[in-house]
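In what follows, a structure is listed as structure tokens, so that the remarks can point back to it.
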4 protein chains.
Amino acid sequence: MSFTQSSLKIGELATGQDLTLPIFSHKCESPTAPSVYIQANVHGAEVQGNAVIYQLMQLLEHYTICGDITLVPLANPLGINQKSGEFTLGRFDPITGVNWNREYLDHQVDVKAWYAANDTLSDDELITHYKSMLLDACHQRLSHEWGITTGHQQAVMLQTMAHQADIVLDLHTGPKSCKHLYCPEYDAKAAAFFSIPYTLFIPNDFGGAMDESIFCPWWQLAEHMQSVGRNFDLPVSAFTLELGSQENINLADALIDAKGILAYLSERGVIEQKVMAAEMTRYACYLKDYKKYHSPLGGMVEYQAEVGEPLKAGDPLANILRIDLYGTEKALTTLSLKQDCVPILHFASASVYQGTELYKVMTKVFEI
Amino acid sequence: MSFTQSSLKIGELATGQDLTLPIFSHKCESPTAPSVYIQANVHGAEVQGNAVIYQLMQLLEHYTICGDITLVPLANPLGINQKSGEFTLGRFDPITGVNWNREYLDHQVDVKAWYAANDTLSDDELITHYKSMLLDACHQRLSHEWGITTGHQQAVMLQTMAHQADIVLDLHTGPKSCKHLYCPEYDAKAAAFFSIPYTLFIPNDFGGAMDESIFCPWWQLAEHMQSVGRNFDLPVSAFTLELGSQENINLADALIDAKGILAYLSERGVIEQKVMAAEMTRYACYLKDYKKYHSPLGGMVEYQAEVGEPLKAGDPLANILRIDLYGTEKALTTLSLKQDCVPILHFASASVYQGTELYKVMTKVFEI
Amino acid sequence: MSFTQSSLKIGELATGQDLTLPIFSHKCESPTAPSVYIQANVHGAEVQGNAVIYQLMQLLEHYTICGDITLVPLANPLGINQKSGEFTLGRFDPITGVNWNREYLDHQVDVKAWYAANDTLSDDELITHYKSMLLDACHQRLSHEWGITTGHQQAVMLQTMAHQADIVLDLHTGPKSCKHLYCPEYDAKAAAFFSIPYTLFIPNDFGGAMDESIFCPWWQLAEHMQSVGRNFDLPVSAFTLELGSQENINLADALIDAKGILAYLSERGVIEQKVMAAEMTRYACYLKDYKKYHSPLGGMVEYQAEVGEPLKAGDPLANILRIDLYGTEKALTTLSLKQDCVPILHFASASVYQGTELYKVMTKVFEI
Amino acid sequence: MSFTQSSLKIGELATGQDLTLPIFSHKCESPTAPSVYIQANVHGAEVQGNAVIYQLMQLLEHYTICGDITLVPLANPLGINQKSGEFTLGRFDPITGVNWNREYLDHQVDVKAWYAANDTLSDDELITHYKSMLLDACHQRLSHEWGITTGHQQAVMLQTMAHQADIVLDLHTGPKSCKHLYCPEYDAKAAAFFSIPYTLFIPNDFGGAMDESIFCPWWQLAEHMQSVGRNFDLPVSAFTLELGSQENINLADALIDAKGILAYLSERGVIEQKVMAAEMTRYACYLKDYKKYHSPLGGMVEYQAEVGEPLKAGDPLANILRIDLYGTEKALTTLSLKQDCVPILHFASASVYQGTELYKVMTKVFEI
């Protein structure tokens, strides 16, 4: 087997039992390619990434691996095991409500000051020092004298592993969703390799997610160096892959996504052999054009627009049934949007409060 | 419009606001047919029954109605509005854990004593007196000096309306489910009218559900009278219709089920016009042959067996992925059953604890 | 140390991790006294029993132990670790809603048939055979071909340990509660030993709880034997101790209850030394006189009656504030009862729906 | 009665029912004093503020009111009615996890630009225009073409009322807490009037809470004007009062806090009569010195330090019982802090994960 398994303790439960993660690692004796970190299931109901890692490990057994690889499935044991009724309540910490994917450390590096103190270094030296500084910050956060929250500890321990890699993939899903990719604008060409038809190009803003926690500090450094006249290629790539819908395991579909990841790793030289990306037309929009549509009324929802299918302005998005208003024209309301879009995901339940996020849609979509 | 709307208060929230139900009624001046009571959405996530009532009301506008009809959609406002994460946590009272559909009053009539005191009555008189006694018991329960629980009050108020009807339909759904009908054995022929391919024939046992709360007292009386040599036709029919999966509103499918109900009402003379039942092969099994299969291990689940499709003994039911055991033969376990069956429903989430109810299956299925 | 520690697997989580219990055992080489089984924290928020076991173990280090002792703290790891907001949601299975303390196996022994087949046995032989039959039933339930639910598996594994002991104590707490004891009527004199002022004398009915699952089968046998003219002393004692309020750890108070248990064990000869029961006036009522009072309206609650303090008929039990009705006489309603009672526990939250169980009170209380 | 009652719709439930707030208003014909807005119970379990508003209304019936007063108890109906087990899960939106008190609109006024365009106005004109601009921003947010989330809609509707007042009080509680006040640094002298012994002086940072949403835009304007040489007194006062512990209604204690509020309103001229503040030594610290201490391990917690009582460095804060480690020195761990502090609040449950926020403590406390 190409992978060795270990276990990482990331917390303790009220009963005293350890919260642990399984870690699968491949170490190269003399790596010639970038190192890779892939995690899955940070949101408890978003389980498909585990199947993708399973298929990816099986695929990788047949390839020559040229870079170190670390795989962390089941990355949020507390969230995964948190059932509420027949579903998994794994999107936020059950005590605090904080989204498990908004817990990563915001480094808030003063890049101006840091670069002023290190501007005589070569690019390679810069990378070494900067990475070391980021890791130190994580370690300090973990050993803070006032302690650290359950979710922040888990996140920063994951982040510590991710900071050590050159390529970071965070495997998520939407609620009821088509596949889509969060891709930083500076790394746009990477979107052509994954088996994912829709891409969101995201700017250099930290909102708390894993991918941002990895690339933002480097992107900020690169932008500052650019502003003082030195070109610097970002040494890290970080993406969030949204692999369809939550509460779903599909091994055949996982194989498709594992092959997409393999194609990207092949492009980056992580495996020696050439693996071609799946042929498909790929589309994208900018994050500012990714819109959340909130239900203008409470009621029962018949979702009409299919995720991943373009929708014309004025076409039916959803019907809201208000049987309490039977006999009036408000008994059934058809919602639509004023502009063309591609619905990417919709809410998981068939009933909503007024204001529930009903759909997220891409607008101003272009082919890439 | 054939229906008049009213509102029934069935509780008070912590903020003091009333919990109310919308009630749609059709009253005949001189009814010549049985009276009907239909409710929906007693489990909060099982919303499709509201759509069926909506379609049924629209259909009924075009027919001559010969019996009184009472329709109660949205029958559990507390449960329907109880969200937990992206789903509706509406299966049990959030405070006590008691299943909302196990809260109906168990009359525990001493039928021997009651009949001994009333055996000189004609059948019609018996029915009037017995029904009156059941309603009195409900009223007494509602006005108990030590009060009544939130869920029991709601249930007994619904039951009070249902006891006054001759035909009672309780519209539910399963988690991920094909359509199926709970039908008391004494009323087996009714199963041929609904647009539902699978029927469970249930015996004369009270487990707390609406349908049982209606027919059990009458069935017990009829059985006792039979045992002392008097034949007595049960004057009530009560069924639970499981209309597919929870968290789903589908108006086209609701129309199919509304037509099935219409066919049954037509057969019973509630509408003057003849409406034919949908043609389909219908199957059934006895409740004792309806089996719950619990997951023998914890893990991620790929559901393999389709609900509503016969499954041979030994064929794959589900795969359990245990990526923490990658590299061993326990990484992927295919579960199967030792006997032929028809899977009727499966768990809603894609991850399970050991012991989670994974599938419910019919065994010893026969055509009806 | 007098105790050896082991671990028992009672389930698997969705992540694949084992659910385990810590077990502390003392084994006598040649026991001369009854064997003891004590568990705590089957309801997740009822943590004080762990502290009592901790204190009891420390006390027992100083005594001569004459019988085998098995101690199982933290007996419900899933429930204990199930947080919802700032509290522990550990009263019922989060998936099914089933109360963790209603999951024990109902043996439903046909005592008439069993005794008919075994009536030539001596008392000692009867005990051996009957116990063996109960254990077999547990083992069969655990290895059922259709599996077993998560909660039932945990319960029956605990029950299997308990059936092997002569004395069984299940340590619980109420929500906001004074200390009280559930004591079977046949074992009434035991109530004088625990450090608990209020006792409920309970009849021979199985409702699903641990204590009942242990004594009911024996009590049924004894009653049947009595009815056919043979006297038979029940060989088991089983009690539920309600040790104050949930969500509370108090080591000093735990020491008081540990000493009460020690006094009972001393009386039963489990420790060689004499330990006197705490002196206090003890009161009791029959279970039929233990009343649940449900809030007649929704609103904010000011609890007025102290738990454990006698309350006269008409004295204030609680105020319900309905600020939405300010300016009317319904803005503040004082609730009271029509009969004298001792409030034993009240609801944990300060706001209620109509129908929420507000208080449980003993009526017809007598000194014992 | 001095107050007239109205109702405001702030949302719709899945059943279609309106979410409404009760509003109590006193309107002066010709007000001579600042206007007042007081809300309570935005966190569902923090009910005591309703009792304070109740007592305040009763007190105000006996005074001459010189300014308009708007009182909004029960300000979060969805949160208040959201039970989970025996407690209220009302701290965050059950769907999104977002804290109900982090939903207010961040105006992000470009004060430099706004002032440049308005610097010829008098102070009174500035106030009128600026307030109008803030209200417009709220209205625009509420009518956004893509809709608005459930929680944000509720918050911005509350904020709209609050922006129209000169004095804003938001009544909260802690989990298990002593009384404390969040007071902006610019308004420090106000802390002397409330019946609250501990005050946190907070800086000009917006974190999403009601009080900040009110004073931050004005404080930012004032600071900018100061920086360009014009003095400007902030025309608004906004405070969060933490009135002890959640899940508690105590009318006698509510009267004490109502009198504290009355003393502040008297000082501000809102009532004509003089009401003296309660005499007590009052203490404070800066927000930067208000520390959260997270449990360094999982386990059962015996809270040792009393809230509101100074605690010396090294003195016991809490004991963590780990009965699974009985027989080792880790079975009982006493936690303490390295510096003197006043514990202000602690976690509500008696069991914690590693990382649970155990205590919040004031350090560097000074008398005010």
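Lettering and numbering for the structure tokens are positional, with chains as A, B, ... in the shown order, residues counted from 1 in each chain, and ligands counted from 1 in the shown order.
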
For the interface of chain A with chain C (cut-off 12 Å, counting only C-alpha atoms), please tabulate each contacting residue of chain A alongside its nearest pair of atoms and their separation in Å to one decimal, rows sorted by chain and increasing number, as JSON lines.
{"residue": "A:Ser7", "atom": "CA", "partner": "C:Gln17", "partner_atom": "CA", "distance": 11.9}
{"residue": "A:Glu12", "atom": "CA", "partner": "C:Asn81", "partner_atom": "CA", "distance": 10.0}
{"residue": "A:Leu13", "atom": "CA", "partner": "C:Asn81", "partner_atom": "CA", "distance": 6.3}
{"residue": "A:Ala14", "atom": "CA", "partner": "C:Asn81", "partner_atom": "CA", "distance": 5.6}
{"residue": "A:Thr15", "atom": "CA", "partner": "C:Pro77", "partner_atom": "CA", "distance": 6.4}
{"residue": "A:Gly16", "atom": "CA", "partner": "C:Asn81", "partner_atom": "CA", "distance": 9.5}
{"residue": "A:Gln17", "atom": "CA", "partner": "C:Thr20", "partner_atom": "CA", "distance": 8.8}
{"residue": "A:Asp18", "atom": "CA", "partner": "C:Gln17", "partner_atom": "CA", "distance": 10.0}
{"residue": "A:Leu19", "atom": "CA", "partner": "C:Gln17", "partner_atom": "CA", "distance": 9.2}
{"residue": "A:Thr20", "atom": "CA", "partner": "C:Gln17", "partner_atom": "CA", "distance": 8.9}
{"residue": "A:Leu21", "atom": "CA", "partner": "C:Thr15", "partner_atom": "CA", "distance": 9.3}
{"residue": "A:Pro22", "atom": "CA", "partner": "C:Thr15", "partner_atom": "CA", "distance": 9.8}
{"residue": "A:Asn41", "atom": "CA", "partner": "C:Thr15", "partner_atom": "CA", "distance": 10.3}
{"residue": "A:Gly44", "atom": "CA", "partner": "C:Thr15", "partner_atom": "CA", "distance": 9.9}
{"residue": "A:Ala45", "atom": "CA", "partner": "C:Ala14", "partner_atom": "CA", "distance": 10.7}
{"residue": "A:Val47", "atom": "CA", "partner": "C:Thr15", "partner_atom": "CA", "distance": 10.3}
{"residue": "A:Asn50", "atom": "CA", "partner": "C:Thr15", "partner_atom": "CA", "distance": 10.5}
{"residue": "A:Pro73", "atom": "CA", "partner": "C:Thr15", "partner_atom": "CA", "distance": 9.7}
{"residue": "A:Leu74", "atom": "CA", "partner": "C:Thr15", "partner_atom": "CA", "distance": 6.6}
{"residue": "A:Ala75", "atom": "CA", "partner": "C:Thr15", "partner_atom": "CA", "distance": 9.5}
{"residue": "A:Asn76", "atom": "CA", "partner": "C:Thr15", "partner_atom": "CA", "distance": 9.0}
{"residue": "A:Pro77", "atom": "CA", "partner": "C:Thr15", "partner_atom": "CA", "distance": 6.4}
{"residue": "A:Leu78", "atom": "CA", "partner": "C:Asn81", "partner_atom": "CA", "distance": 9.0}
{"residue": "A:Gly79", "atom": "CA", "partner": "C:Thr15", "partner_atom": "CA", "distance": 9.8}
{"residue": "A:Ile80", "atom": "CA", "partner": "C:Thr15", "partner_atom": "CA", "distance": 6.7}
{"residue": "A:Asn81", "atom": "CA", "partner": "C:Ala14", "partner_atom": "CA", "distance": 5.6}
{"residue": "A:Gln82", "atom": "CA", "partner": "C:Gln82", "partner_atom": "CA", "distance": 7.2}
{"residue": "A:Lys83", "atom": "CA", "partner": "C:Pro94", "partner_atom": "CA", "distance": 6.1}
{"residue": "A:Ser84", "atom": "CA", "partner": "C:Pro94", "partner_atom": "CA", "distance": 5.3}
{"residue": "A:Gly85", "atom": "CA", "partner": "C:Ile95", "partner_atom": "CA", "distance": 4.1}
{"residue": "A:Glu86", "atom": "CA", "partner": "C:Ile95", "partner_atom": "CA", "distance": 5.4}
{"residue": "A:Phe87", "atom": "CA", "partner": "C:Ile95", "partner_atom": "CA", "distance": 7.8}
{"residue": "A:Thr88", "atom": "CA", "partner": "C:Ile95", "partner_atom": "CA", "distance": 9.4}
{"residue": "A:Leu89", "atom": "CA", "partner": "C:Ser84", "partner_atom": "CA", "distance": 10.2}
{"residue": "A:Gly90", "atom": "CA", "partner": "C:Ser84", "partner_atom": "CA", "distance": 11.9}
{"residue": "A:Phe92", "atom": "CA", "partner": "C:Gly85", "partner_atom": "CA", "distance": 10.9}
{"residue": "A:Asp93", "atom": "CA", "partner": "C:Gly85", "partner_atom": "CA", "distance": 8.7}
{"residue": "A:Pro94", "atom": "CA", "partner": "C:Ser84", "partner_atom": "CA", "distance": 5.3}
{"residue": "A:Ile95", "atom": "CA", "partner": "C:Gly85", "partner_atom": "CA", "distance": 4.1}
{"residue": "A:Thr96", "atom": "CA", "partner": "C:Gly85", "partner_atom": "CA", "distance": 6.5}
{"residue": "A:Gly97", "atom": "CA", "partner": "C:Gly85", "partner_atom": "CA", "distance": 7.7}
{"residue": "A:Val98", "atom": "CA", "partner": "C:Gly85", "partner_atom": "CA", "distance": 11.1}

Any chance you can output those residues with N, CA and C atoms as a short mmCIF file (atom, residue, chain, number, x, y, z; two decimals), in the first residue's frame?
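Written out: result.cif:
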data_model
loop_
_atom_site.label_atom_id
_atom_site.label_comp_id
_atom_site.auth_asym_id
_atom_site.auth_seq_id
_atom_site.Cartn_x
_atom_site.Cartn_y
_atom_site.Cartn_z
N SER A 7 -2.87 8.62 13.31
CA SER A 7 -4.03 9.20 13.96
C SER A 7 -3.59 10.48 14.65
N GLU A 12 -11.00 16.64 22.92
CA GLU A 12 -11.51 15.69 23.91
C GLU A 12 -12.99 15.94 24.12
N LEU A 13 -13.74 14.87 24.21
CA LEU A 13 -15.17 14.98 24.45
C LEU A 13 -15.46 15.12 25.94
N ALA A 14 -16.74 15.37 26.24
CA ALA A 14 -17.14 15.51 27.64
C ALA A 14 -16.91 14.22 28.42
N THR A 15 -17.02 13.08 27.77
CA THR A 15 -16.75 11.80 28.44
C THR A 15 -15.27 11.55 28.63
N GLY A 16 -14.44 12.43 28.11
CA GLY A 16 -13.00 12.23 28.22
C GLY A 16 -12.40 11.55 27.01
N GLN A 17 -13.24 11.02 26.14
CA GLN A 17 -12.69 10.33 24.98
C GLN A 17 -12.06 11.31 23.99
N ASP A 18 -11.01 10.82 23.32
CA ASP A 18 -10.31 11.66 22.36
C ASP A 18 -11.10 11.81 21.08
N LEU A 19 -11.06 13.01 20.53
CA LEU A 19 -11.48 13.25 19.15
C LEU A 19 -10.25 13.06 18.28
N THR A 20 -10.29 12.12 17.36
CA THR A 20 -9.11 11.85 16.53
C THR A 20 -9.46 11.85 15.05
N LEU A 21 -8.44 12.10 14.27
CA LEU A 21 -8.55 12.06 12.82
C LEU A 21 -7.69 10.93 12.28
N PRO A 22 -8.18 10.20 11.26
CA PRO A 22 -7.30 9.29 10.55
C PRO A 22 -6.50 10.08 9.50
N ASN A 41 -14.89 16.44 4.59
CA ASN A 41 -15.94 16.24 5.59
C ASN A 41 -15.82 17.16 6.81
N GLY A 44 -20.17 18.22 8.64
CA GLY A 44 -20.50 16.84 8.98
C GLY A 44 -21.35 16.10 7.97
N ALA A 45 -22.23 16.80 7.27
CA ALA A 45 -23.14 16.12 6.34
C ALA A 45 -22.54 15.97 4.95
N VAL A 47 -20.34 14.28 3.10
CA VAL A 47 -19.56 13.05 3.26
C VAL A 47 -18.88 12.57 1.99
N ASN A 50 -15.08 11.88 1.44
CA ASN A 50 -14.45 10.66 1.95
C ASN A 50 -14.39 9.58 0.86
N PRO A 73 -9.44 12.32 5.62
CA PRO A 73 -10.89 12.20 5.53
C PRO A 73 -11.50 12.38 6.92
N LEU A 74 -12.79 12.45 7.00
CA LEU A 74 -13.51 12.49 8.29
C LEU A 74 -12.90 13.54 9.21
N ALA A 75 -12.66 14.74 8.63
CA ALA A 75 -11.83 15.73 9.31
C ALA A 75 -12.51 16.43 10.47
N ASN A 76 -13.79 16.15 10.71
CA ASN A 76 -14.51 16.81 11.80
C ASN A 76 -15.35 15.78 12.56
N PRO A 77 -14.72 14.99 13.39
CA PRO A 77 -15.46 13.89 14.04
C PRO A 77 -16.65 14.36 14.86
N LEU A 78 -16.53 15.50 15.53
CA LEU A 78 -17.65 16.01 16.33
C LEU A 78 -18.83 16.33 15.42
N GLY A 79 -18.55 17.01 14.32
CA GLY A 79 -19.62 17.39 13.40
C GLY A 79 -20.23 16.20 12.69
N ILE A 80 -19.41 15.24 12.31
CA ILE A 80 -19.92 14.08 11.57
C ILE A 80 -20.84 13.24 12.44
N ASN A 81 -20.51 13.14 13.71
CA ASN A 81 -21.29 12.31 14.61
C ASN A 81 -22.48 13.03 15.25
N GLN A 82 -22.69 14.29 14.89
CA GLN A 82 -23.75 15.10 15.48
C GLN A 82 -25.04 14.97 14.68
N LYS A 83 -25.87 14.02 15.07
CA LYS A 83 -27.15 13.82 14.40
C LYS A 83 -28.22 14.67 15.09
N SER A 84 -29.17 15.10 14.29
CA SER A 84 -30.34 15.78 14.83
C SER A 84 -31.50 15.31 13.98
N GLY A 85 -32.34 14.46 14.56
CA GLY A 85 -33.32 13.77 13.74
C GLY A 85 -32.57 12.88 12.76
N GLU A 86 -33.14 12.77 11.57
CA GLU A 86 -32.59 11.82 10.62
C GLU A 86 -31.44 12.38 9.80
N PHE A 87 -30.97 13.57 10.13
CA PHE A 87 -29.89 14.16 9.35
C PHE A 87 -28.71 14.51 10.25
N THR A 88 -27.63 14.91 9.61
CA THR A 88 -26.41 15.26 10.32
C THR A 88 -26.37 16.77 10.50
N LEU A 89 -26.26 17.20 11.75
CA LEU A 89 -26.24 18.63 12.06
C LEU A 89 -24.78 19.07 12.13
N GLY A 90 -24.08 19.03 11.04
CA GLY A 90 -22.63 19.17 11.11
C GLY A 90 -22.08 20.41 10.49
N PHE A 92 -22.27 23.58 11.83
CA PHE A 92 -21.74 24.53 12.81
C PHE A 92 -21.60 23.84 14.16
N ASP A 93 -20.74 24.40 14.97
CA ASP A 93 -20.51 23.92 16.33
C ASP A 93 -21.85 23.94 17.07
N PRO A 94 -22.28 22.80 17.62
CA PRO A 94 -23.60 22.77 18.26
C PRO A 94 -23.71 23.66 19.48
N ILE A 95 -22.59 24.02 20.08
CA ILE A 95 -22.62 24.89 21.26
C ILE A 95 -22.64 26.36 20.87
N THR A 96 -21.78 26.73 19.94
CA THR A 96 -21.58 28.16 19.65
C THR A 96 -22.29 28.62 18.39
N GLY A 97 -22.62 27.69 17.51
CA GLY A 97 -23.20 28.08 16.23
C GLY A 97 -22.17 28.47 15.18
N VAL A 98 -20.90 28.47 15.54
CA VAL A 98 -19.89 28.91 14.57
C VAL A 98 -19.68 27.84 13.49
#

Do a neighbour search on Met280 (chain B) at 10 Å with only C-alpha atoms, toss out local chain neighbours closer than 2 positions, and write the hits as a VMD selection string. chain B and resid 192 195 to 197 277 to 278 282 to 283

Output file for the residues above (N, CA, C and O atoms, as a compact mmCIF listing (two decimals), in the first residue's frame):
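Produced file part-v4.txt, reproduced below:
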# COMPACT_ATOMS: atom_id res chain seq x y z
N ALA B 192 -57.32 -1.14 -2.91
CA ALA B 192 -57.34 -1.17 -4.37
C ALA B 192 -57.64 0.19 -5.00
O ALA B 192 -57.58 0.32 -6.23
N SER B 195 -53.70 5.43 -5.13
CA SER B 195 -52.64 5.33 -6.15
C SER B 195 -51.34 4.90 -5.49
O SER B 195 -50.31 5.57 -5.60
N ILE B 196 -51.39 3.80 -4.80
CA ILE B 196 -50.30 3.38 -3.94
C ILE B 196 -50.01 1.90 -4.19
O ILE B 196 -50.90 1.05 -4.01
N PRO B 197 -48.79 1.55 -4.60
CA PRO B 197 -48.52 0.16 -5.00
C PRO B 197 -48.32 -0.81 -3.84
O PRO B 197 -48.50 -2.01 -4.03
N ALA B 277 -60.12 4.02 -10.01
CA ALA B 277 -58.78 3.92 -9.42
C ALA B 277 -57.74 3.77 -10.52
O ALA B 277 -58.04 3.25 -11.60
N ALA B 278 -56.53 4.25 -10.26
CA ALA B 278 -55.44 4.07 -11.21
C ALA B 278 -55.15 2.58 -11.38
O ALA B 278 -55.22 1.82 -10.40
N ARG B 282 -50.90 -4.06 -7.43
CA ARG B 282 -50.71 -3.66 -6.04
C ARG B 282 -50.25 -4.86 -5.23
O ARG B 282 -50.71 -5.99 -5.44
N TYR B 283 -49.36 -4.60 -4.30
CA TYR B 283 -48.77 -5.66 -3.48
C TYR B 283 -48.99 -5.36 -2.00
O TYR B 283 -49.19 -4.21 -1.61

According to DSSP computed on the backbone, where in region 199-278 of chain C is there strand (DSSP E)? Give the residues as a ChimeraX atom specification. /C:199-202,237-245

Mind writing the picked residues with N, CA, C and O atoms as a PDB file, in the first residue's frame?
ATOM      1  N   THR C 199     -39.211   9.305  48.851  1.00  0.00           N
ATOM      2  CA  THR C 199     -39.240   8.014  48.163  1.00  0.00           C
ATOM      3  C   THR C 199     -40.571   7.822  47.442  1.00  0.00           C
ATOM      4  O   THR C 199     -41.631   8.154  47.975  1.00  0.00           O
ATOM      5  N   LEU C 200     -40.475   7.294  46.232  1.00  0.00           N
ATOM      6  CA  LEU C 200     -41.655   6.874  45.485  1.00  0.00           C
ATOM      7  C   LEU C 200     -41.728   5.364  45.526  1.00  0.00           C
ATOM      8  O   LEU C 200     -40.796   4.685  45.058  1.00  0.00           O
ATOM      9  N   PHE C 201     -42.809   4.839  46.043  1.00  0.00           N
ATOM     10  CA  PHE C 201     -42.993   3.392  46.051  1.00  0.00           C
ATOM     11  C   PHE C 201     -43.656   2.977  44.738  1.00  0.00           C
ATOM     12  O   PHE C 201     -44.745   3.453  44.407  1.00  0.00           O
ATOM     13  N   ILE C 202     -42.971   2.131  44.001  1.00  0.00           N
ATOM     14  CA  ILE C 202     -43.469   1.806  42.654  1.00  0.00           C
ATOM     15  C   ILE C 202     -43.946   0.360  42.572  1.00  0.00           C
ATOM     16  O   ILE C 202     -43.389  -0.529  43.217  1.00  0.00           O
ATOM     17  N   SER C 237     -32.511  -6.608  44.263  1.00  0.00           N
ATOM     18  CA  SER C 237     -32.959  -5.283  44.679  1.00  0.00           C
ATOM     19  C   SER C 237     -32.519  -4.304  43.603  1.00  0.00           C
ATOM     20  O   SER C 237     -31.361  -4.360  43.173  1.00  0.00           O
ATOM     21  N   ALA C 238     -33.423  -3.446  43.179  1.00  0.00           N
ATOM     22  CA  ALA C 238     -33.053  -2.474  42.139  1.00  0.00           C
ATOM     23  C   ALA C 238     -33.749  -1.152  42.403  1.00  0.00           C
ATOM     24  O   ALA C 238     -34.961  -1.117  42.652  1.00  0.00           O
ATOM     25  N   PHE C 239     -32.959  -0.076  42.356  1.00  0.00           N
ATOM     26  CA  PHE C 239     -33.465   1.260  42.687  1.00  0.00           C
ATOM     27  C   PHE C 239     -32.938   2.295  41.697  1.00  0.00           C
ATOM     28  O   PHE C 239     -31.827   2.151  41.175  1.00  0.00           O
ATOM     29  N   THR C 240     -33.741   3.323  41.478  1.00  0.00           N
ATOM     30  CA  THR C 240     -33.240   4.503  40.779  1.00  0.00           C
ATOM     31  C   THR C 240     -33.104   5.619  41.793  1.00  0.00           C
ATOM     32  O   THR C 240     -34.071   5.963  42.477  1.00  0.00           O
ATOM     33  N   LEU C 241     -31.906   6.171  41.875  1.00  0.00           N
ATOM     34  CA  LEU C 241     -31.656   7.288  42.788  1.00  0.00           C
ATOM     35  C   LEU C 241     -31.617   8.575  41.982  1.00  0.00           C
ATOM     36  O   LEU C 241     -30.826   8.680  41.039  1.00  0.00           O
ATOM     37  N   GLU C 242     -32.458   9.524  42.325  1.00  0.00           N
ATOM     38  CA  GLU C 242     -32.474  10.824  41.658  1.00  0.00           C
ATOM     39  C   GLU C 242     -31.735  11.805  42.569  1.00  0.00           C
ATOM     40  O   GLU C 242     -32.250  12.208  43.602  1.00  0.00           O
ATOM     41  N   LEU C 243     -30.525  12.159  42.148  1.00  0.00           N
ATOM     42  CA  LEU C 243     -29.574  12.834  43.040  1.00  0.00           C
ATOM     43  C   LEU C 243     -29.566  14.343  42.860  1.00  0.00           C
ATOM     44  O   LEU C 243     -28.508  14.952  42.671  1.00  0.00           O
ATOM     45  N   GLY C 244     -30.742  14.966  42.878  1.00  0.00           N
ATOM     46  CA  GLY C 244     -30.797  16.419  42.733  1.00  0.00           C
ATOM     47  C   GLY C 244     -30.982  16.820  41.279  1.00  0.00           C
ATOM     48  O   GLY C 244     -31.671  16.128  40.530  1.00  0.00           O
ATOM     49  N   SER C 245     -30.349  17.925  40.888  1.00  0.00           N
ATOM     50  CA  SER C 245     -30.586  18.525  39.568  1.00  0.00           C
ATOM     51  C   SER C 245     -29.552  18.096  38.535  1.00  0.00           C
ATOM     52  O   SER C 245     -28.410  17.786  38.870  1.00  0.00           O
TER      53      SER C 245
END

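Across the model, the gap from CA of Asn99 (chain D) to CA of Val156 (chain D) is 14.1 Å.
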
Members of region 153-210 of chain C assigned alpha helix (DSSP H) by DSSP, as a list in words: Gln153, Gln154, Ala155, Val156, Met157, Leu158, Gln159, Thr160, Met161, Ala162, His163 and Met210 of chain C

Measuring atom to atom with only C-alpha atoms, identify which of D:Ile23, D:Leu60, D:Leu126, D:Leu158 is nearest to Val42 (chain D).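 Closest residue, counting only C-alpha atoms: D:Leu158.
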
Residues at most 8 Å from region 292-303 of chain C, counting only C-alpha atoms, excluding those fewer than 4 positions away in the same chain, as a count of residues only? 34

Determine, counting only C-alpha atoms, which protein, DNA and RNA residues have an atom within 7 Å of an atom of Ala258 (chain D); residues of the same chain fewer than 4 positions away are not included. Present the result as a PyMOL selection string. chain D and resi 52+55-56+254+262

Which residue is closest to Ser349 (chain B)? Choose from A:Gln304, A:Ala116, A:Gln246, A:Tyr63 and count only C-alpha atoms.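 Of the candidates, the smallest distance to Ser349 (chain B) is held by A:Gln246.
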